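Source file: data.pdb (PDB, C-alpha atoms)
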ATOM      1  CA  MET A 295      -0.382 121.430 150.131
ATOM      2  CA  ILE A 296       3.151 122.624 150.791
ATOM      3  CA  GLU A 297       3.608 119.775 153.267
ATOM      4  CA  TYR A 298       2.659 117.225 150.595
ATOM      5  CA  ALA A 299       5.125 118.774 148.176
ATOM      6  CA  LYS A 300       7.854 118.577 150.833
ATOM      7  CA  LEU A 301       6.950 114.974 151.547
ATOM      8  CA  LEU A 302       7.100 114.043 147.889
ATOM      9  CA  SER A 303      10.319 115.884 147.143
ATOM     10  CA  MET A 304      12.230 114.510 150.182
ATOM     11  CA  HIS A 305      14.767 117.333 149.753
ATOM     12  CA  GLY A 306      15.359 116.436 146.124
ATOM     13  CA  TYR A 307      15.681 112.665 146.598
ATOM     14  CA  GLY A 308      11.957 111.939 146.220
ATOM     15  CA  VAL A 309      12.200 110.387 142.757
ATOM     16  CA  TYR A 310      14.760 107.838 143.920
ATOM     17  CA  ILE A 311      13.087 107.090 147.259
ATOM     18  CA  TRP A 312       9.507 106.778 146.027
ATOM     19  CA  SER A 313      10.614 104.766 142.971
ATOM     20  CA  SER A 314      12.423 102.323 145.260
ATOM     21  CA  TYR A 315       9.448 101.880 147.574
ATOM     22  CA  ALA A 316       6.968 101.624 144.666
ATOM     23  CA  LEU A 317       9.128  99.026 142.948
ATOM     24  CA  THR A 318       9.420  97.033 146.169
ATOM     25  CA  ALA A 319       5.655  97.158 146.639
ATOM     26  CA  GLY A 320       5.256  95.991 143.022
ATOM     27  CA  VAL A 321       7.592  93.023 143.506
ATOM     28  CA  PHE A 322       5.735  92.099 146.712
ATOM     29  CA  VAL A 323       2.384  92.231 144.923
ATOM     30  CA  VAL A 324       3.710  90.076 142.066
ATOM     31  CA  ASN A 325       4.948  87.538 144.635
ATOM     32  CA  ILE A 326       1.535  87.491 146.321
ATOM     33  CA  LEU A 327      -0.248  87.037 142.965
ATOM     34  CA  LEU A 328       2.090  84.222 141.919
ATOM     35  CA  SER A 329       1.643  82.403 145.238
ATOM     36  CA  THR A 330      -2.147  82.751 145.016
ATOM     37  CA  ARG A 331      -2.216  81.553 141.395
ATOM     38  CA  ARG A 332      -0.059  78.546 142.225
ATOM     39  CA  TYR A 333      -2.366  77.636 145.125
ATOM     40  CA  ARG A 334      -5.438  77.891 142.880
ATOM     41  CA  GLN A 335      -3.757  75.690 140.273
ATOM     42  CA  ALA A 336      -2.913  73.082 142.909
ATOM     43  CA  ARG A 337      -6.431  73.140 144.320
ATOM     44  CA  GLU A 338      -8.003  72.738 140.865
ATOM     45  CA  ARG A 339      -5.684  69.856 140.034
ATOM     46  CA  LEU A 340      -6.569  68.153 143.287
ATOM     47  CA  ARG A 341     -10.300  68.572 142.660
ATOM     48  CA  ASN A 342     -10.081  67.277 139.096
ATOM     49  CA  GLU A 343      -8.025  64.240 140.010
TER      50      GLU A 343
ATOM     51  CA  MET B   3      11.983  69.102 170.135
ATOM     52  CA  TRP B   4      14.039  67.398 167.404
ATOM     53  CA  GLN B   5      11.296  64.851 166.882
ATOM     54  CA  TRP B   6       8.830  67.697 166.286
ATOM     55  CA  PHE B   7      11.258  69.066 163.712
ATOM     56  CA  TYR B   8      11.896  65.700 161.994
ATOM     57  CA  GLN B   9       8.169  65.214 161.508
ATOM     58  CA  PHE B  10       8.236  68.033 158.944
ATOM     59  CA  ALA B  11       9.731  65.541 156.486
ATOM     60  CA  SER B  12       6.286  63.949 156.254
ATOM     61  CA  PRO B  13       4.275  65.739 153.491
ATOM     62  CA  LYS B  14       1.035  65.552 155.447
ATOM     63  CA  VAL B  15       2.576  66.930 158.647
ATOM     64  CA  PHE B  16       4.410  69.616 156.689
ATOM     65  CA  TYR B  17       1.187  70.720 155.019
ATOM     66  CA  THR B  18      -0.987  70.853 158.123
ATOM     67  CA  ARG B  19       1.610  72.498 160.374
ATOM     68  CA  THR B  20       2.690  75.134 157.857
ATOM     69  CA  VAL B  21      -0.934  76.222 157.404
ATOM     70  CA  VAL B  22      -0.978  77.187 161.089
ATOM     71  CA  ILE B  23       2.537  78.689 160.988
ATOM     72  CA  SER B  24       1.629  80.755 157.916
ATOM     73  CA  ARG B  25      -1.321  82.387 159.671
ATOM     74  CA  GLY B  26       1.003  83.644 162.404
ATOM     75  CA  LEU B  27       3.604  84.674 159.822
ATOM     76  CA  PHE B  28       1.001  86.666 157.886
ATOM     77  CA  VAL B  29       0.087  88.729 160.949
ATOM     78  CA  LEU B  30       3.741  89.184 161.945
ATOM     79  CA  THR B  31       4.800  90.184 158.406
ATOM     80  CA  SER B  32       2.002  92.745 158.115
ATOM     81  CA  ILE B  33       2.886  94.365 161.444
ATOM     82  CA  LEU B  34       6.640  94.417 160.770
ATOM     83  CA  LEU B  35       6.340  95.834 157.248
ATOM     84  CA  ILE B  36       3.884  98.555 158.236
ATOM     85  CA  ILE B  37       5.978  99.695 161.220
ATOM     86  CA  GLY B  38       9.253  99.406 159.278
ATOM     87  CA  THR B  39       7.988 101.345 156.244
ATOM     88  CA  VAL B  40       6.459 104.175 158.280
ATOM     89  CA  ALA B  41       9.583 104.422 160.433
ATOM     90  CA  GLY B  42      11.951 104.252 157.453
ATOM     91  CA  LEU B  43      10.107 106.889 155.464
ATOM     92  CA  PHE B  44       8.978 109.350 158.121
ATOM     93  CA  LEU B  45      10.340 108.719 161.626
ATOM     94  CA  THR B  46      14.075 108.153 161.197
ATOM     95  CA  PRO B  47      16.466 111.068 160.721
ATOM     96  CA  ALA B  48      18.155 111.872 157.420
ATOM     97  CA  ASP B  49      21.827 110.967 157.153
ATOM     98  CA  TYR B  50      24.286 113.832 157.720
ATOM     99  CA  GLN B  51      26.052 113.078 154.429
ATOM    100  CA  GLN B  52      23.517 111.264 152.248
ATOM    101  CA  GLY B  53      20.462 113.240 153.316
ATOM    102  CA  ASP B  54      17.069 111.627 152.757
ATOM    103  CA  SER B  55      18.431 109.193 150.154
ATOM    104  CA  VAL B  56      19.459 107.004 153.105
ATOM    105  CA  ARG B  57      15.767 105.971 153.376
ATOM    106  CA  ILE B  58      16.413 103.605 150.447
ATOM    107  CA  MET B  59      18.610 101.637 152.861
ATOM    108  CA  TYR B  60      15.482 100.328 154.648
ATOM    109  CA  ILE B  61      14.538  98.324 151.564
ATOM    110  CA  HIS B  62      17.908  97.833 149.874
ATOM    111  CA  VAL B  63      19.665  96.184 152.818
ATOM    112  CA  PRO B  64      16.746  93.822 153.675
ATOM    113  CA  SER B  65      16.455  92.829 149.986
ATOM    114  CA  ALA B  66      20.172  92.058 149.769
ATOM    115  CA  PHE B  67      20.045  90.206 153.101
ATOM    116  CA  CYS B  68      17.096  88.103 151.895
ATOM    117  CA  SER B  69      18.753  87.343 148.556
ATOM    118  CA  MET B  70      21.691  85.738 150.367
ATOM    119  CA  ALA B  71      19.685  84.202 153.228
ATOM    120  CA  ILE B  72      17.267  82.494 150.838
ATOM    121  CA  TYR B  73      20.132  81.101 148.768
ATOM    122  CA  SER B  74      21.860  79.827 151.927
ATOM    123  CA  MET B  75      18.589  78.160 152.940
ATOM    124  CA  MET B  76      18.305  76.614 149.464
ATOM    125  CA  SER B  77      21.844  75.272 149.791
ATOM    126  CA  LEU B  78      21.037  73.699 153.158
ATOM    127  CA  HIS B  79      17.994  72.022 151.621
ATOM    128  CA  ALA B  80      20.106  70.888 148.659
ATOM    129  CA  VAL B  81      22.522  69.151 151.061
ATOM    130  CA  MET B  82      19.644  67.545 152.972
ATOM    131  CA  TYR B  83      18.043  66.392 149.715
ATOM    132  CA  LEU B  84      21.276  64.916 148.374
ATOM    133  CA  ILE B  85      21.984  63.044 151.629
ATOM    134  CA  TRP B  86      18.551  61.919 152.786
ATOM    135  CA  ARG B  87      16.416  62.410 149.628
ATOM    136  CA  ILE B  88      13.753  64.255 151.601
ATOM    137  CA  LYS B  89      11.030  65.297 149.163
ATOM    138  CA  ILE B  90      10.142  68.456 151.095
ATOM    139  CA  CYS B  91      13.746  69.681 150.818
ATOM    140  CA  ASP B  92      13.623  69.384 147.033
ATOM    141  CA  ILE B  93      10.319  71.252 146.965
ATOM    142  CA  LEU B  94      11.679  74.031 149.206
ATOM    143  CA  ASN B  95      14.750  74.318 146.982
ATOM    144  CA  GLN B  96      12.488  74.633 143.943
ATOM    145  CA  VAL B  97       9.973  77.180 145.252
ATOM    146  CA  ALA B  98      12.537  79.401 146.991
ATOM    147  CA  ALA B  99      14.459  80.149 143.768
ATOM    148  CA  PRO B 100      11.985  82.591 142.132
ATOM    149  CA  ILE B 101      11.388  84.335 145.471
ATOM    150  CA  GLY B 102      15.143  84.664 146.044
ATOM    151  CA  ALA B 103      15.544  85.953 142.481
ATOM    152  CA  SER B 104      12.906  88.627 143.089
ATOM    153  CA  PHE B 105      14.751  89.859 146.202
ATOM    154  CA  THR B 106      18.078  89.847 144.325
ATOM    155  CA  PHE B 107      16.457  91.869 141.549
ATOM    156  CA  LEU B 108      15.129  94.310 144.161
ATOM    157  CA  ALA B 109      18.550  94.625 145.806
ATOM    158  CA  LEU B 110      20.150  95.460 142.447
ATOM    159  CA  ILE B 111      17.500  97.966 141.360
ATOM    160  CA  THR B 112      17.200  99.748 144.714
ATOM    161  CA  GLY B 113      21.011  99.753 144.873
ATOM    162  CA  ALA B 114      21.091 101.536 141.507
ATOM    163  CA  LEU B 115      18.450 104.011 142.700
ATOM    164  CA  TRP B 116      20.536 104.687 145.810
ATOM    165  CA  GLY B 117      23.815 104.745 143.882
ATOM    166  CA  LYS B 118      22.811 107.509 141.477
ATOM    167  CA  PRO B 119      22.327 110.269 144.093
ATOM    168  CA  THR B 120      25.182 109.118 146.375
ATOM    169  CA  TRP B 121      27.869 107.813 143.981
ATOM    170  CA  GLY B 122      26.759 109.668 140.872
ATOM    171  CA  THR B 123      26.258 106.484 138.876
ATOM    172  CA  TRP B 124      23.526 103.865 138.486
ATOM    173  CA  TRP B 125      25.950 100.993 138.042
ATOM    174  CA  ILE B 126      29.633 100.160 138.254
ATOM    175  CA  TRP B 127      31.401  96.815 137.731
ATOM    176  CA  ASP B 128      32.336  96.782 141.374
ATOM    177  CA  ALA B 129      33.005  93.477 143.202
ATOM    178  CA  ARG B 130      29.896  93.692 145.433
ATOM    179  CA  LEU B 131      27.529  94.698 142.637
ATOM    180  CA  THR B 132      28.918  92.199 140.143
ATOM    181  CA  SER B 133      28.814  89.269 142.582
ATOM    182  CA  GLU B 134      25.185  90.154 143.451
ATOM    183  CA  LEU B 135      24.348  90.214 139.728
ATOM    184  CA  ILE B 136      25.976  86.784 139.394
ATOM    185  CA  LEU B 137      23.684  85.576 142.210
ATOM    186  CA  LEU B 138      20.671  86.658 140.123
ATOM    187  CA  PHE B 139      21.999  84.600 137.193
ATOM    188  CA  ILE B 140      22.561  81.632 139.522
ATOM    189  CA  TYR B 141      18.921  81.848 140.627
ATOM    190  CA  PHE B 142      17.875  81.937 136.949
ATOM    191  CA  GLY B 143      20.108  78.922 136.284
ATOM    192  CA  ASN B 144      18.456  76.977 139.085
ATOM    193  CA  MET B 145      14.993  77.823 137.727
ATOM    194  CA  GLY B 146      16.126  76.952 134.195
ATOM    195  CA  ILE B 147      17.333  73.505 135.266
ATOM    196  CA  ARG B 148      13.875  72.767 136.700
ATOM    197  CA  GLN B 149      12.276  73.729 133.393
ATOM    198  CA  ALA B 150      14.796  72.013 131.135
ATOM    199  CA  LEU B 151      15.248  68.596 132.753
ATOM    200  CA  PRO B 152      12.737  65.795 133.284
ATOM    201  CA  LYS B 153      11.271  65.814 136.810
ATOM    202  CA  GLN B 154      13.073  62.666 138.005
ATOM    203  CA  ASN B 155      16.511  64.253 137.291
ATOM    204  CA  ALA B 156      15.724  67.908 137.955
ATOM    205  CA  GLY B 157      15.851  67.661 141.760
ATOM    206  CA  PHE B 158      19.329  66.129 141.830
ATOM    207  CA  ALA B 159      20.716  68.470 139.155
ATOM    208  CA  ALA B 160      19.216  71.562 140.807
ATOM    209  CA  ALA B 161      20.629  70.532 144.203
ATOM    210  CA  VAL B 162      24.144  70.058 142.773
ATOM    211  CA  PHE B 163      23.850  73.345 140.861
ATOM    212  CA  THR B 164      22.704  75.133 144.043
ATOM    213  CA  LEU B 165      25.747  73.870 145.950
ATOM    214  CA  ILE B 166      28.147  74.955 143.192
ATOM    215  CA  GLY B 167      26.478  78.373 143.146
ATOM    216  CA  PHE B 168      26.881  78.731 146.918
ATOM    217  CA  VAL B 169      30.488  79.809 146.242
ATOM    218  CA  ASP B 170      29.045  83.204 145.346
ATOM    219  CA  ILE B 171      27.558  83.838 148.822
ATOM    220  CA  PRO B 172      30.862  84.341 150.727
ATOM    221  CA  LEU B 173      32.145  86.209 147.662
ATOM    222  CA  ILE B 174      29.272  88.704 147.985
ATOM    223  CA  HIS B 175      29.684  89.001 151.748
ATOM    224  CA  PHE B 176      33.458  89.491 151.795
ATOM    225  CA  SER B 177      33.788  91.341 148.477
ATOM    226  CA  VAL B 178      33.927  94.686 150.293
ATOM    227  CA  ASN B 179      36.856  93.419 152.386
ATOM    228  CA  TRP B 180      38.770  91.515 149.693
ATOM    229  CA  TRP B 181      38.662  94.143 146.942
ATOM    230  CA  ASN B 182      38.727  97.926 146.710
ATOM    231  CA  THR B 183      35.119  98.703 146.010
ATOM    232  CA  LEU B 184      32.867 101.715 145.784
ATOM    233  CA  HIS B 185      30.337  99.912 147.987
ATOM    234  CA  GLN B 186      30.621 100.644 151.687
ATOM    235  CA  GLY B 187      31.718  97.979 154.159
ATOM    236  CA  ALA B 188      29.329  96.012 156.348
ATOM    237  CA  SER B 189      27.547  98.141 158.954
ATOM    238  CA  LEU B 190      26.008  95.117 160.672
ATOM    239  CA  SER B 191      27.904  92.138 161.977
ATOM    240  CA  ALA B 192      26.936  89.188 164.144
ATOM    241  CA  PHE B 193      30.141  89.517 166.162
ATOM    242  CA  ALA B 194      30.685  93.262 166.476
ATOM    243  CA  ARG B 195      28.866  96.388 167.530
ATOM    244  CA  PRO B 196      26.860  97.864 164.616
ATOM    245  CA  HIS B 197      28.400 100.909 162.879
ATOM    246  CA  ILE B 198      25.039 102.567 162.570
ATOM    247  CA  ALA B 199      23.103 104.949 164.813
ATOM    248  CA  SER B 200      20.436 103.283 166.949
ATOM    249  CA  SER B 201      17.798 105.646 165.498
ATOM    250  CA  MET B 202      18.446 104.026 162.111
ATOM    251  CA  LEU B 203      19.224 100.547 163.380
ATOM    252  CA  TRP B 204      15.849  99.601 164.847
ATOM    253  CA  PRO B 205      13.787 100.343 161.698
ATOM    254  CA  LEU B 206      16.399  98.534 159.626
ATOM    255  CA  MET B 207      16.190  95.440 161.853
ATOM    256  CA  ILE B 208      12.380  95.566 161.710
ATOM    257  CA  MET B 209      12.468  95.743 157.910
ATOM    258  CA  ILE B 210      14.975  92.879 157.677
ATOM    259  CA  ALA B 211      12.674  90.782 159.903
ATOM    260  CA  GLY B 212       9.634  91.852 157.836
ATOM    261  CA  PHE B 213      11.275  90.940 154.529
ATOM    262  CA  MET B 214      12.418  87.588 155.927
ATOM    263  CA  THR B 215       8.974  86.667 157.262
ATOM    264  CA  PHE B 216       7.421  87.761 153.935
ATOM    265  CA  ALA B 217       9.852  85.505 152.058
ATOM    266  CA  LEU B 218       9.251  82.606 154.442
ATOM    267  CA  LEU B 219       5.480  83.027 154.197
ATOM    268  CA  HIS B 220       5.597  82.772 150.409
ATOM    269  CA  ILE B 221       8.115  79.944 150.357
ATOM    270  CA  LEU B 222       5.839  77.922 152.656
ATOM    271  CA  SER B 223       2.735  78.840 150.651
ATOM    272  CA  ARG B 224       4.262  77.784 147.328
ATOM    273  CA  ALA B 225       5.772  74.677 148.919
ATOM    274  CA  ARG B 226       2.293  73.610 150.032
ATOM    275  CA  SER B 227       0.927  74.175 146.515
ATOM    276  CA  GLU B 228       3.781  72.227 144.952
ATOM    277  CA  LEU B 229       3.303  69.479 147.513
ATOM    278  CA  LEU B 230      -0.381  69.164 146.598
ATOM    279  CA  ILE B 231       0.514  68.868 142.910
ATOM    280  CA  ARG B 232       3.213  66.249 143.494
ATOM    281  CA  GLU B 233       1.158  64.271 146.014
ATOM    282  CA  VAL B 234      -2.093  64.502 144.089
ATOM    283  CA  LYS B 235      -2.600  60.723 144.100
ATOM    284  CA  GLN B 236      -1.833  60.214 147.795
ATOM    285  CA  SER B 237      -4.613  59.431 150.249
ATOM    286  CA  TRP B 238      -3.866  62.399 152.560
ATOM    287  CA  SER B 239      -4.202  64.898 149.695
ATOM    288  CA  ARG B 240      -7.441  63.232 148.507
ATOM    289  CA  GLU B 241      -8.842  63.611 152.005
ATOM    290  CA  LEU B 242      -7.724  67.216 152.029
ATOM    291  CA  SER B 243      -9.393  67.936 148.669
ATOM    292  CA  LYS B 244     -12.790  67.438 150.327
ATOM    293  CA  SER B 245     -12.166  70.396 152.624
ATOM    294  CA  LEU B 246     -10.707  72.714 149.958
TER     295      LEU B 246
END
Reformat the file's structure so that it appears as structure tokens.
Amino acid sequence: MIEYAKLLSMHGYGVYIWSSYALTAGVFVVNILLSTRRYRQARERLRNE
Amino acid sequence: MWQWFYQFASPKVFYTRTVVISRGLFVLTSILLIIGTVAGLFLTPADYQQGDSVRIMYIHVPSAFCSMAIYSMMSLHAVMYLIWRIKICDILNQVAAPIGASFTFLALITGALWGKPTWGTWWIWDARLTSELILLFIYFGNMGIRQALPKQNAGFAAAVFTLIGFVDIPLIHFSVNWWNTLHQGASLSAFARPHIASSMLWPLMIMIAGFMTFALLHILSRARSELLIREVKQSWSRELSKSL
């Protein structure tokens, strides 16, 4: 339990570090979703044509 | 070799080859990002001055690198489109802009999150930070042109706009040398030994490679989608629709 607390706190910088990594992961996920949506749109258009 | 490269100008060849390339890129990106993240968060030492906050570097520097690399790539495609009118170059210029904007946004936000514990401020109108913010607006401008203009003019206008905006790239890169800034100077250079300990250098290089392959993977994916939409009436795309 203490180890987890240490890991999260990162000697007091945890908020900044974990926020940065979470935000980066979020931006990556948004990029993946947008690419997938665009591909689906293209595929549908091609099928309907 | 050059002939293999030139063939990418053909929409059909571009589509089929990038499908194969993307599979390899997906595997490579996954490996690089997993190794880089684990190393950056848990394996590398804390900085003697900045402590653990230096771990933000492993995402801030790759984001900033990608923001400029993607724009440079867009500019190269803009030149190629203006000279040879290659359709693929226009498509790559178009689809790279939102991805580049997302990396610029990340560089600014992670920079603020790193700046607060090390500089004591989230933001300052420093030359490096301001020129990076301008790059974000340039990306938005490029995307806006695509939305605002009719399709037959948008490619040309976006290409010209991209080339005008390229002025900002050397400004960002050299801003730390040309002006007195709060931002530190470059630690990595193509022509000099890196000013960074090897224990921190290797995860940073892995993360830069991981971010670049991620960006490339998504640029190629969206380019293929855009290509399908633009070439919807062509025989090769009709043939392809049977297998999709």
Worksheet item: What lies within 10 Å of range 163-173 of chain B using all atoms listed in the file, ignoring chain neighbours under 4 positions off, as a ChimeraX atom specification?
Response: /B:69-71,73-74,76-81,95,99,129-130,133-134,136-137,139-141,143-144,147,157-159,177-180
Worksheet item: What's the 9 Å shell around Met207 in chain B, counting all atoms listed in the file, without same-chain residues fewer than 5 positions away, as an MDAnalysis selection string?
Response: chainID B and resid 38 60 64 202 212
Proximal residues of chain A relative to chain B (all atoms listed in the file; 6 Å) as an mmCIF file with C-alpha atoms, keeping the file's coordinate frame:
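Result went into iface38.cif, see below:
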data_model
loop_
_atom_site.group_PDB
_atom_site.id
_atom_site.type_symbol
_atom_site.label_atom_id
_atom_site.label_comp_id
_atom_site.auth_asym_id
_atom_site.auth_seq_id
_atom_site.Cartn_x
_atom_site.Cartn_y
_atom_site.Cartn_z
ATOM 1 C CA TYR A 307 15.681 112.665 146.598
ATOM 2 C CA TYR A 310 14.760 107.838 143.920
ATOM 3 C CA ILE A 311 13.087 107.090 147.259
ATOM 4 C CA SER A 314 12.423 102.323 145.260
ATOM 5 C CA SER A 329 1.643 82.403 145.238
ATOM 6 C CA TYR A 333 -2.366 77.636 145.125
ATOM 7 C CA ALA A 336 -2.913 73.082 142.909
ATOM 8 C CA LEU A 340 -6.569 68.153 143.287
#
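Reported to one decimal place, the separation of CA of Leu206 in chain B from CA of Trp312 in chain A is 17.3 Å.
If you look at CA of Met145 in chain B and CA of Gln96 in chain B, they are 7.4 Å away from each other.
The nearest approach to Gln154 in chain B among the residues B:Leu110, B:Asp92, B:Thr132, B:Asp49, with all atoms listed in the file taken into account, belongs to B:Asp92.
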Worksheet item: What is the distance, in Å and to one decimal place, between CA of Trp125 in chain B and CA of Met304 in chain A?
Response: 22.8 Å
